[in-house]
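Shown next: my_file_11.csv, containing CSV, C-alpha atoms.
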```
chain,number,residue,atom,x,y,z
A,1,MET,CA,39.4,5.9,11.0
A,2,THR,CA,41.5,5.3,14.1
A,3,LEU,CA,39.6,5.9,17.3
A,4,VAL,CA,41.3,7.3,20.5
A,5,ALA,CA,39.4,5.5,23.2
A,6,LEU,CA,39.3,5.3,27.0
A,7,SER,CA,39.5,2.0,28.8
A,8,THR,CA,37.1,1.7,31.7
A,9,ALA,CA,40.1,0.3,33.7
A,10,SER,CA,41.6,3.8,33.6
A,11,VAL,CA,39.1,5.2,36.1
A,12,TYR,CA,39.2,2.4,38.6
A,13,PRO,CA,38.1,2.4,41.5
A,14,GLU,CA,35.4,4.5,39.9
A,15,SER,CA,32.8,2.5,38.0
A,16,THR,CA,32.2,1.6,34.3
A,17,ALA,CA,29.4,4.2,34.3
A,18,HIS,CA,31.9,6.9,35.4
A,19,ALA,CA,34.3,5.9,32.6
A,20,PHE,CA,31.6,6.7,30.0
A,21,ALA,CA,31.0,10.0,31.6
A,22,TRP,CA,34.7,10.9,31.7
A,23,ALA,CA,35.2,9.8,28.0
A,24,ALA,CA,32.3,12.0,26.9
A,25,GLN,CA,33.3,15.0,29.0
A,26,LEU,CA,36.9,15.0,27.8
A,27,GLY,CA,36.3,14.3,24.2
A,28,TYR,CA,37.4,10.7,23.7
A,29,ASP,CA,36.2,9.0,20.5
A,30,ALA,CA,35.0,5.7,22.2
A,31,VAL,CA,35.3,3.4,25.2
A,32,GLU,CA,36.9,0.0,25.7
A,33,VAL,CA,35.0,-2.0,28.3
A,34,MET,CA,37.1,-4.1,30.8
A,35,VAL,CA,34.8,-6.9,31.8
A,36,GLY,CA,35.4,-7.4,35.5
A,37,VAL,CA,33.9,-7.4,39.0
A,38,ASP,CA,31.9,-4.3,38.3
A,39,SER,CA,28.6,-5.9,37.4
A,40,LEU,CA,27.7,-3.2,34.9
A,41,SER,CA,30.7,-4.2,32.8
A,42,GLN,CA,29.0,-7.6,32.3
A,43,GLN,CA,25.5,-6.4,31.4
A,44,THR,CA,24.7,-5.9,27.7
A,45,ALA,CA,21.6,-3.7,28.3
A,46,ALA,CA,23.4,-1.5,30.8
A,47,LEU,CA,26.3,-0.9,28.4
A,48,GLN,CA,24.0,-0.1,25.5
A,49,GLN,CA,22.2,2.4,27.7
A,50,LEU,CA,25.5,4.0,28.8
A,51,SER,CA,26.7,4.2,25.2
A,52,GLU,CA,23.5,5.8,23.9
A,53,HIS,CA,23.2,8.2,26.9
A,54,HIS,CA,26.7,9.6,26.5
A,55,GLU,CA,26.8,9.2,22.7
A,56,MET,CA,29.9,7.2,23.2
A,57,PRO,CA,30.5,4.1,21.0
A,58,ILE,CA,32.1,1.0,22.4
A,59,CYS,CA,35.0,0.0,20.2
A,60,ALA,CA,36.3,-3.0,22.2
A,61,ILE,CA,35.6,-5.5,24.9
A,62,HIS,CA,38.5,-6.7,27.1
A,63,SER,CA,37.7,-10.3,28.1
A,64,PRO,CA,37.9,-11.3,31.8
A,65,CYS,CA,41.3,-13.0,31.7
A,66,LEU,CA,43.1,-11.2,34.5
A,67,LEU,CA,44.0,-13.1,37.7
A,68,TRP,CA,41.5,-11.1,39.6
A,69,THR,CA,38.7,-11.8,37.1
A,70,GLN,CA,39.3,-15.5,36.8
A,71,ARG,CA,35.8,-16.4,38.1
A,72,VAL,CA,33.9,-13.8,36.1
A,73,TRP,CA,31.5,-15.6,33.7
A,74,GLY,CA,32.6,-19.0,35.1
A,75,THR,CA,36.0,-20.7,35.0
A,76,GLU,CA,35.9,-22.2,31.5
A,77,PRO,CA,38.2,-20.0,29.3
A,78,TRP,CA,36.6,-20.7,25.9
A,79,GLY,CA,33.2,-19.9,27.4
A,80,LYS,CA,34.5,-16.5,28.5
A,81,LEU,CA,35.7,-15.7,25.1
A,82,GLU,CA,32.5,-16.7,23.5
A,83,ARG,CA,30.5,-14.5,25.9
A,84,SER,CA,33.0,-11.7,25.2
A,85,ALA,CA,32.3,-12.0,21.5
A,86,GLU,CA,28.5,-12.1,22.0
A,87,LEU,CA,28.8,-8.9,24.1
A,88,ALA,CA,31.0,-7.2,21.5
A,89,VAL,CA,28.4,-8.0,18.7
A,90,ALA,CA,25.6,-6.7,20.9
A,91,VAL,CA,27.2,-3.4,21.7
A,92,GLY,CA,28.8,-2.8,18.3
A,93,ALA,CA,32.4,-3.4,19.2
A,94,ASP,CA,34.7,-5.0,16.6
A,95,VAL,CA,37.6,-6.1,18.9
A,96,VAL,CA,37.9,-8.5,21.8
A,97,VAL,CA,41.2,-8.1,23.7
A,98,VAL,CA,42.5,-11.3,25.1
A,99,HIS,CA,45.6,-12.4,27.1
A,100,PRO,CA,47.5,-15.6,26.2
A,101,PRO,CA,46.7,-18.5,28.6
A,102,PHE,CA,48.5,-18.9,31.9
A,103,ARG,CA,51.1,-21.6,32.1
A,104,TRP,CA,48.9,-23.8,34.3
A,105,GLN,CA,46.0,-23.7,31.7
A,106,LYS,CA,47.7,-26.4,29.7
A,107,GLU,CA,44.7,-27.7,27.8
A,108,TYR,CA,43.5,-24.2,26.9
A,109,ALA,CA,47.0,-23.2,25.8
A,110,ALA,CA,47.5,-26.3,23.6
A,111,GLY,CA,44.7,-25.2,21.3
A,112,PHE,CA,44.9,-21.5,21.8
A,113,VAL,CA,46.3,-20.3,18.5
A,114,ASP,CA,43.9,-22.4,16.4
A,115,GLY,CA,41.0,-21.8,18.7
A,116,ILE,CA,41.4,-18.0,18.4
A,117,ALA,CA,41.4,-18.3,14.6
A,118,ALA,CA,38.3,-20.4,14.7
A,119,LEU,CA,36.5,-17.9,17.0
A,120,GLU,CA,37.4,-15.1,14.6
A,121,GLU,CA,35.9,-17.0,11.7
A,122,SER,CA,32.7,-18.0,13.5
A,123,THR,CA,32.0,-14.6,15.1
A,124,GLY,CA,33.4,-12.0,12.7
A,125,ILE,CA,35.1,-10.3,15.7
A,126,ALA,CA,38.9,-9.6,15.8
A,127,PHE,CA,40.4,-11.3,18.9
A,128,ALA,CA,43.5,-9.2,19.4
A,129,VAL,CA,45.9,-11.2,21.5
A,130,GLU,CA,47.9,-8.9,23.9
A,131,ASN,CA,51.6,-8.9,24.6
A,132,MET,CA,52.4,-9.8,28.2
A,133,TYR,CA,55.7,-10.3,30.0
A,134,PRO,CA,57.9,-12.7,32.0
A,135,TRP,CA,57.1,-12.6,35.7
A,136,ARG,CA,60.3,-11.2,37.2
A,137,ALA,CA,61.4,-12.3,40.7
A,138,SER,CA,64.3,-9.9,40.5
A,139,SER,CA,65.9,-7.5,38.0
A,140,ARG,CA,67.9,-10.4,36.5
A,141,ARG,CA,65.5,-13.4,36.7
A,142,GLY,CA,62.2,-14.1,35.1
A,143,MET,CA,59.7,-16.9,34.7
A,144,GLU,CA,57.6,-17.7,31.6
A,145,MET,CA,54.1,-17.6,32.9
A,146,TYR,CA,52.2,-17.6,29.6
A,147,LEU,CA,51.7,-20.2,26.9
A,148,PRO,CA,52.3,-20.4,24.0
A,149,GLY,CA,54.3,-17.3,25.0
A,150,TRP,CA,54.0,-13.7,26.1
A,151,ASP,CA,55.1,-12.1,22.8
A,152,PRO,CA,52.3,-12.4,20.2
A,153,SER,CA,54.7,-11.7,17.3
A,154,ASP,CA,56.1,-15.2,17.9
A,155,GLN,CA,52.7,-16.8,16.9
A,156,GLU,CA,50.5,-16.7,13.9
A,157,TYR,CA,47.6,-14.6,15.3
A,158,ALA,CA,45.7,-12.6,12.7
A,159,ASN,CA,45.1,-9.7,15.2
A,160,THR,CA,47.2,-8.5,18.1
A,161,THR,CA,47.4,-5.8,20.8
A,162,ILE,CA,50.5,-4.0,22.0
A,163,ASP,CA,50.4,-2.7,25.6
A,164,LEU,CA,53.3,-0.4,26.4
A,165,SER,CA,53.3,-1.0,30.1
A,166,HIS,CA,53.6,-4.8,29.5
A,167,ALA,CA,56.4,-4.1,27.1
A,168,ALA,CA,58.2,-2.1,29.7
A,169,ILE,CA,58.2,-5.0,32.1
A,170,ALA,CA,59.5,-7.3,29.3
A,171,ARG,CA,62.0,-4.7,28.2
A,172,SER,CA,60.6,-5.0,24.7
A,173,ASP,CA,61.2,-2.4,21.9
A,174,VAL,CA,57.6,-1.6,21.0
A,175,VAL,CA,58.5,-0.1,17.6
A,176,ALA,CA,60.4,-3.2,16.7
A,177,MET,CA,57.4,-5.3,17.9
A,178,ALA,CA,55.1,-3.3,15.7
A,179,GLU,CA,57.3,-3.8,12.7
A,180,ARG,CA,57.3,-7.5,13.3
A,181,LEU,CA,53.5,-7.6,13.6
A,182,GLY,CA,52.9,-5.4,10.6
A,183,ASP,CA,49.2,-5.4,9.6
A,184,ARG,CA,48.5,-7.9,12.3
A,185,LEU,CA,48.7,-5.1,14.9
A,186,ARG,CA,45.0,-4.3,15.3
A,187,HIS,CA,44.8,-2.6,18.7
A,188,VAL,CA,47.0,-0.5,21.1
A,189,HIS,CA,46.9,0.0,24.8
A,190,LEU,CA,48.6,3.4,25.0
A,191,THR,CA,50.3,3.8,28.4
A,192,ASP,CA,53.9,3.8,29.7
A,193,GLY,CA,56.3,2.1,32.1
A,194,SER,CA,59.7,2.7,33.7
A,195,GLY,CA,61.0,-0.9,33.1
A,196,SER,CA,60.4,-2.1,36.7
A,197,ALA,CA,58.8,-5.5,37.5
A,198,LYS,CA,55.5,-3.7,38.2
A,199,ASP,CA,52.7,-3.3,35.7
A,200,GLU,CA,52.6,0.5,36.1
A,201,HIS,CA,50.3,1.8,33.4
A,202,LEU,CA,51.7,5.3,33.6
A,203,VAL,CA,50.4,8.3,31.7
A,204,PRO,CA,52.1,8.1,28.3
A,205,GLY,CA,55.2,10.2,28.2
A,206,ARG,CA,56.0,9.7,31.9
A,207,GLY,CA,57.9,6.5,31.4
A,208,GLY,CA,60.7,5.2,29.2
A,209,MET,CA,58.9,3.5,26.4
A,210,ARG,CA,59.3,6.2,23.8
A,211,ALA,CA,55.5,6.4,23.4
A,212,GLU,CA,55.7,9.4,21.2
A,213,GLU,CA,58.0,7.6,18.8
A,214,PHE,CA,55.8,4.6,18.8
A,215,LEU,CA,52.7,6.7,17.9
A,216,THR,CA,54.6,8.5,15.1
A,217,HIS,CA,55.7,5.1,13.7
A,218,LEU,CA,52.0,4.0,13.7
A,219,ALA,CA,50.9,7.1,12.0
A,220,GLY,CA,53.6,6.8,9.4
A,221,ARG,CA,52.3,3.3,8.4
A,222,ASP,CA,48.7,4.4,8.3
A,223,PHE,CA,47.6,2.3,11.4
A,224,ALA,CA,43.8,2.0,11.3
A,225,GLY,CA,43.1,0.2,14.5
A,226,HIS,CA,42.1,1.6,17.9
A,227,ILE,CA,44.4,3.5,20.3
A,228,VAL,CA,43.1,2.9,23.8
A,229,LEU,CA,44.3,4.9,26.8
A,230,GLU,CA,44.7,2.3,29.6
A,231,ILE,CA,46.4,4.2,32.5
A,232,ASN,CA,46.4,3.7,36.3
A,233,THR,CA,44.7,6.6,38.1
A,234,ARG,CA,44.2,4.8,41.4
A,235,ARG,CA,46.7,7.1,43.2
A,236,CYS,CA,44.8,10.2,42.2
A,237,SER,CA,43.5,11.7,45.5
A,238,THR,CA,40.9,14.0,43.8
A,239,ARG,CA,38.7,14.1,40.8
A,240,ALA,CA,40.7,17.0,39.5
A,241,GLU,CA,43.9,14.9,39.5
A,242,ARG,CA,42.1,12.1,37.7
A,243,GLU,CA,40.7,14.5,35.1
A,244,ALA,CA,44.2,16.0,34.6
A,245,ASP,CA,45.7,12.6,33.9
A,246,LEU,CA,42.9,11.5,31.6
A,247,ARG,CA,43.1,14.8,29.7
A,248,GLU,CA,46.9,14.7,29.4
A,249,SER,CA,46.7,11.1,28.0
A,250,LEU,CA,44.2,12.1,25.4
A,251,GLU,CA,46.1,15.2,24.3
A,252,PHE,CA,49.4,13.1,24.1
A,253,ALA,CA,47.7,10.6,21.8
A,254,ARG,CA,46.2,13.2,19.5
A,255,GLU,CA,49.5,15.2,19.4
A,256,HIS,CA,51.8,12.3,18.5
A,257,PHE,CA,49.5,10.2,16.3
A,258,ALA,CA,49.5,12.7,13.5
A,259,VAL,CA,49.7,11.4,9.9
A,260,PRO,CA,52.7,13.1,8.2
A,261,ALA,CA,52.2,15.2,5.1
A,262,ARG,CA,52.7,13.3,1.9
```

Show how you would write the structure in this file as structure tokens.
Amino acid sequence: MTLVALSTASVYPESTAHAFAWAAQLGYDAVEVMVGVDSLSQQTAALQQLSEHHEMPICAIHSPCLLWTQRVWGTEPWGKLERSAELAVAVGADVVVVHPPFRWQKEYAAGFVDGIAALEESTGIAFAVENMYPWRASSRRGMEMYLPGWDPSDQEYANTTIDLSHAAIARSDVVAMAERLGDRLRHVHLTDGSGSAKDEHLVPGRGGMRAEEFLTHLAGRDFAGHIVLEINTRRCSTRAEREADLRESLEFAREHFAVPAR
């Protein structure tokens, strides 16, 4: 069954603990944990306690591969992924979300595709490689900052993630990307974007990515992975505003991910 989950990144600057509370209060099915600078996100026992206390399963672990989490769990990239898999197994998650290597991580990038496949075989965890984007210096020019590339449909990954905000920056058609990936699409970061050079992570439906059409497409092909709301609520000035955005996002997912009658 497809779970509609909340990413802990969606409540930043509130904590990982607050994310579990929000998910339970609003009726999400599960939580995706973004491993980051919040120490709770790195602690197996703390996450297990939060999951049990709120009766909220953890469906996925997002490995610490962002620029601002480069030193979380050391600096060796394969070690980070191994620890992410260990955490996933311990808390009952079946997916680890991972970004492709940065261009300057040449040795890591050279063995990335085969290394991901080997990790999946050894751990039993799906490492869902996420789509990224060219880094745009202007509306016309971009630089490739990821190796072996920002579009996972160009590689032979067994499991992948589509993030609609990232696709907005890359000006990618997410329905076409989903069609290219087929059953290799294991995970979704449901959000939105306007097509600017910023990673906006808008509430779905507030940008130009045709998020409702994307969800309808997934429902029509019996998508059975996780749909995770990963939005930016940092500009919310009150808890009421944050609650409204988190609730609207959940309602959007449930409304548009509806399996059509046969």

Would you mind telling me which residue in A:Leu250, A:Val188, A:Leu3, A:Val96 lies nearest to Met34 of chain A when using all atoms listed in the file?
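For Met34 of chain A, the nearest of the candidates is A:Val96.
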
Pick the closest to Trp22 of chain A from A:Ala219, A:Ala128, A:Ala258, A:Ala244: which is it, counting all atoms listed in the file?
A:Ala244

Nearest to Trp150 of chain A: which of A:Ala170, A:Leu50, A:Ala93, A:Met177 is it, counting all atoms listed in the file?
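Counting all atoms listed in the file, the residue closest to Trp150 of chain A is A:Ala170.
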
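Across A:Gly220, A:Met56, A:Leu47, A:Met1, the tightest approach to Tyr28 of chain A is made by A:Met56 when counting only C-alpha atoms.
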
Nearest-residue call for His187 of chain A, choices A:Ser237, A:Val95, A:Leu215, A:Ala110, using all atoms listed in the file:
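That would be A:Val95, the residue with the smallest distance to His187 of chain A.
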
Calculate how many Å separate atom CA of Ala30 of chain A from atom CA of Glu120 of chain A, rounding to one decimal.
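Between atom CA of Ala30 of chain A and atom CA of Glu120 of chain A the gap works out to 22.3 Å.
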
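With only C-alpha atoms as the atoms that count, the residue of A:Val37, A:Val72, A:Val174, A:Leu229 with the shortest distance to Pro13 of chain A is A:Val37.
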
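Atom CA of Arg206 of chain A is positioned 8.1 Å from atom CA of Ser194 of chain A.
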
Could you list, as a PDB file with C-alpha atoms, keeping the file's coordinate frame, every residue within 12 Å of Glu179 of chain A, counting all atoms listed in the file and ignoring same-chain residues fewer than 5 positions away?
```pdb
ATOM      1  CA  SER A 153      54.700 -11.700  17.300  1.00  0.00           C
ATOM      2  CA  ILE A 162      50.500  -4.000  22.000  1.00  0.00           C
ATOM      3  CA  ASP A 173      61.200  -2.400  21.900  1.00  0.00           C
ATOM      4  CA  VAL A 174      57.600  -1.600  21.000  1.00  0.00           C
ATOM      5  CA  ARG A 184      48.500  -7.900  12.300  1.00  0.00           C
ATOM      6  CA  LEU A 185      48.700  -5.100  14.900  1.00  0.00           C
ATOM      7  CA  PHE A 214      55.800   4.600  18.800  1.00  0.00           C
ATOM      8  CA  HIS A 217      55.700   5.100  13.700  1.00  0.00           C
ATOM      9  CA  LEU A 218      52.000   4.000  13.700  1.00  0.00           C
ATOM     10  CA  GLY A 220      53.600   6.800   9.400  1.00  0.00           C
ATOM     11  CA  ARG A 221      52.300   3.300   8.400  1.00  0.00           C
ATOM     12  CA  PHE A 223      47.600   2.300  11.400  1.00  0.00           C
TER      13      PHE A 223
END
```

Which value, in Å to one decimal, gives the distance between atom CA of Asn131 of chain A and atom CA of Asp163 of chain A?
6.4 Å

All residues 9 Å or closer to Ser249 of chain A, only C-alpha atoms, same chain fewer than 6 positions away omitted, as a list in words:
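What passes the distance filter is Leu190, Thr191, Val203, Pro204, Gly205, Leu229 and Ile231 of chain A.
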
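Excluding Gly74 of chain A itself and any same-chain residue fewer than 5 positions from it, the protein and nucleic acid residues within 12 Å of it, counting all atoms listed in the file, are Gly36, Pro64, Cys65, Thr69, Gly79, Lys80, Leu81, Glu82 and Arg83 of chain A.
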
Your completed segment 164-190 of chain A with N, CA, C and O atoms, as a PDB file, in the coordinates of the input:
```pdb
ATOM      1  N   LEU A 164      51.983  -0.897  26.104  1.00  0.00           N
ATOM      2  CA  LEU A 164      53.300  -0.400  26.400  1.00  0.00           C
ATOM      3  C   LEU A 164      53.775  -0.610  27.799  1.00  0.00           C
ATOM      4  O   LEU A 164      54.978  -0.738  28.047  1.00  0.00           O
ATOM      5  N   SER A 165      52.861  -0.711  28.754  1.00  0.00           N
ATOM      6  CA  SER A 165      53.300  -1.000  30.100  1.00  0.00           C
ATOM      7  C   SER A 165      53.777  -2.443  30.222  1.00  0.00           C
ATOM      8  O   SER A 165      54.781  -2.713  30.886  1.00  0.00           O
ATOM      9  N   HIS A 166      53.095  -3.377  29.567  1.00  0.00           N
ATOM     10  CA  HIS A 166      53.600  -4.800  29.500  1.00  0.00           C
ATOM     11  C   HIS A 166      54.917  -4.865  28.865  1.00  0.00           C
ATOM     12  O   HIS A 166      55.800  -5.603  29.312  1.00  0.00           O
ATOM     13  N   ALA A 167      55.076  -4.115  27.774  1.00  0.00           N
ATOM     14  CA  ALA A 167      56.400  -4.100  27.100  1.00  0.00           C
ATOM     15  C   ALA A 167      57.484  -3.584  27.931  1.00  0.00           C
ATOM     16  O   ALA A 167      58.636  -4.023  27.820  1.00  0.00           O
ATOM     17  N   ALA A 168      57.160  -2.638  28.811  1.00  0.00           N
ATOM     18  CA  ALA A 168      58.200  -2.100  29.700  1.00  0.00           C
ATOM     19  C   ALA A 168      58.702  -3.144  30.660  1.00  0.00           C
ATOM     20  O   ALA A 168      59.908  -3.232  30.913  1.00  0.00           O
ATOM     21  N   ILE A 169      57.798  -3.971  31.196  1.00  0.00           N
ATOM     22  CA  ILE A 169      58.200  -5.000  32.100  1.00  0.00           C
ATOM     23  C   ILE A 169      59.114  -6.037  31.352  1.00  0.00           C
ATOM     24  O   ILE A 169      60.139  -6.496  31.869  1.00  0.00           O
ATOM     25  N   ALA A 170      58.710  -6.369  30.122  1.00  0.00           N
ATOM     26  CA  ALA A 170      59.500  -7.300  29.300  1.00  0.00           C
ATOM     27  C   ALA A 170      60.719  -6.725  28.700  1.00  0.00           C
ATOM     28  O   ALA A 170      61.539  -7.442  28.128  1.00  0.00           O
ATOM     29  N   ARG A 171      60.837  -5.392  28.817  1.00  0.00           N
ATOM     30  CA  ARG A 171      62.000  -4.700  28.200  1.00  0.00           C
ATOM     31  C   ARG A 171      61.996  -4.896  26.703  1.00  0.00           C
ATOM     32  O   ARG A 171      63.041  -5.138  26.103  1.00  0.00           O
ATOM     33  N   SER A 172      60.802  -4.809  26.116  1.00  0.00           N
ATOM     34  CA  SER A 172      60.600  -5.000  24.700  1.00  0.00           C
ATOM     35  C   SER A 172      60.675  -3.629  23.976  1.00  0.00           C
ATOM     36  O   SER A 172      60.197  -2.621  24.519  1.00  0.00           O
ATOM     37  N   ASP A 173      61.198  -3.611  22.774  1.00  0.00           N
ATOM     38  CA  ASP A 173      61.200  -2.400  21.900  1.00  0.00           C
ATOM     39  C   ASP A 173      59.830  -2.463  21.174  1.00  0.00           C
ATOM     40  O   ASP A 173      59.602  -3.314  20.305  1.00  0.00           O
ATOM     41  N   VAL A 174      58.933  -1.535  21.511  1.00  0.00           N
ATOM     42  CA  VAL A 174      57.600  -1.600  21.000  1.00  0.00           C
ATOM     43  C   VAL A 174      57.559  -1.238  19.472  1.00  0.00           C
ATOM     44  O   VAL A 174      56.714  -1.727  18.719  1.00  0.00           O
ATOM     45  N   VAL A 175      58.464  -0.383  19.017  1.00  0.00           N
ATOM     46  CA  VAL A 175      58.500  -0.100  17.600  1.00  0.00           C
ATOM     47  C   VAL A 175      58.949  -1.304  16.809  1.00  0.00           C
ATOM     48  O   VAL A 175      58.358  -1.639  15.771  1.00  0.00           O
ATOM     49  N   ALA A 176      59.958  -2.014  17.316  1.00  0.00           N
ATOM     50  CA  ALA A 176      60.400  -3.200  16.700  1.00  0.00           C
ATOM     51  C   ALA A 176      59.294  -4.297  16.674  1.00  0.00           C
ATOM     52  O   ALA A 176      59.097  -5.023  15.686  1.00  0.00           O
ATOM     53  N   MET A 177      58.555  -4.383  17.793  1.00  0.00           N
ATOM     54  CA  MET A 177      57.400  -5.300  17.900  1.00  0.00           C
ATOM     55  C   MET A 177      56.381  -4.980  16.832  1.00  0.00           C
ATOM     56  O   MET A 177      55.837  -5.855  16.137  1.00  0.00           O
ATOM     57  N   ALA A 178      56.068  -3.700  16.717  1.00  0.00           N
ATOM     58  CA  ALA A 178      55.100  -3.300  15.700  1.00  0.00           C
ATOM     59  C   ALA A 178      55.529  -3.589  14.315  1.00  0.00           C
ATOM     60  O   ALA A 178      54.717  -3.990  13.469  1.00  0.00           O
ATOM     61  N   GLU A 179      56.806  -3.444  14.053  1.00  0.00           N
ATOM     62  CA  GLU A 179      57.300  -3.800  12.700  1.00  0.00           C
ATOM     63  C   GLU A 179      57.196  -5.271  12.443  1.00  0.00           C
ATOM     64  O   GLU A 179      56.851  -5.682  11.326  1.00  0.00           O
ATOM     65  N   ARG A 180      57.464  -6.094  13.462  1.00  0.00           N
ATOM     66  CA  ARG A 180      57.300  -7.500  13.300  1.00  0.00           C
ATOM     67  C   ARG A 180      55.862  -7.917  13.020  1.00  0.00           C
ATOM     68  O   ARG A 180      55.579  -8.809  12.220  1.00  0.00           O
ATOM     69  N   LEU A 181      54.953  -7.251  13.700  1.00  0.00           N
ATOM     70  CA  LEU A 181      53.500  -7.600  13.600  1.00  0.00           C
ATOM     71  C   LEU A 181      52.937  -7.069  12.268  1.00  0.00           C
ATOM     72  O   LEU A 181      52.027  -7.685  11.714  1.00  0.00           O
ATOM     73  N   GLY A 182      53.418  -5.929  11.799  1.00  0.00           N
ATOM     74  CA  GLY A 182      52.900  -5.400  10.600  1.00  0.00           C
ATOM     75  C   GLY A 182      51.384  -5.140  10.654  1.00  0.00           C
ATOM     76  O   GLY A 182      50.873  -4.598  11.641  1.00  0.00           O
ATOM     77  N   ASP A 183      50.648  -5.593   9.641  1.00  0.00           N
ATOM     78  CA  ASP A 183      49.200  -5.400   9.600  1.00  0.00           C
ATOM     79  C   ASP A 183      48.457  -6.226  10.629  1.00  0.00           C
ATOM     80  O   ASP A 183      47.248  -6.053  10.805  1.00  0.00           O
ATOM     81  N   ARG A 184      49.140  -7.131  11.309  1.00  0.00           N
ATOM     82  CA  ARG A 184      48.500  -7.900  12.300  1.00  0.00           C
ATOM     83  C   ARG A 184      48.294  -7.129  13.639  1.00  0.00           C
ATOM     84  O   ARG A 184      47.580  -7.577  14.531  1.00  0.00           O
ATOM     85  N   LEU A 185      48.909  -5.956  13.731  1.00  0.00           N
ATOM     86  CA  LEU A 185      48.700  -5.100  14.900  1.00  0.00           C
ATOM     87  C   LEU A 185      47.353  -4.384  14.693  1.00  0.00           C
ATOM     88  O   LEU A 185      47.213  -3.508  13.844  1.00  0.00           O
ATOM     89  N   ARG A 186      46.387  -4.778  15.487  1.00  0.00           N
ATOM     90  CA  ARG A 186      45.000  -4.300  15.300  1.00  0.00           C
ATOM     91  C   ARG A 186      44.597  -3.304  16.413  1.00  0.00           C
ATOM     92  O   ARG A 186      43.652  -2.540  16.245  1.00  0.00           O
ATOM     93  N   HIS A 187      45.323  -3.304  17.545  1.00  0.00           N
ATOM     94  CA  HIS A 187      44.800  -2.600  18.700  1.00  0.00           C
ATOM     95  C   HIS A 187      46.036  -2.173  19.567  1.00  0.00           C
ATOM     96  O   HIS A 187      47.053  -2.866  19.599  1.00  0.00           O
ATOM     97  N   VAL A 188      45.906  -1.036  20.245  1.00  0.00           N
ATOM     98  CA  VAL A 188      47.000  -0.500  21.100  1.00  0.00           C
ATOM     99  C   VAL A 188      46.430  -0.118  22.445  1.00  0.00           C
ATOM    100  O   VAL A 188      45.379   0.535  22.522  1.00  0.00           O
ATOM    101  N   HIS A 189      47.130  -0.521  23.506  1.00  0.00           N
ATOM    102  CA  HIS A 189      46.900   0.000  24.800  1.00  0.00           C
ATOM    103  C   HIS A 189      47.989   1.054  25.077  1.00  0.00           C
ATOM    104  O   HIS A 189      49.127   0.695  25.396  1.00  0.00           O
ATOM    105  N   LEU A 190      47.645   2.310  24.907  1.00  0.00           N
ATOM    106  CA  LEU A 190      48.600   3.400  25.000  1.00  0.00           C
ATOM    107  C   LEU A 190      48.767   3.739  26.525  1.00  0.00           C
ATOM    108  O   LEU A 190      47.809   4.137  27.195  1.00  0.00           O
TER     109      LEU A 190
END
```
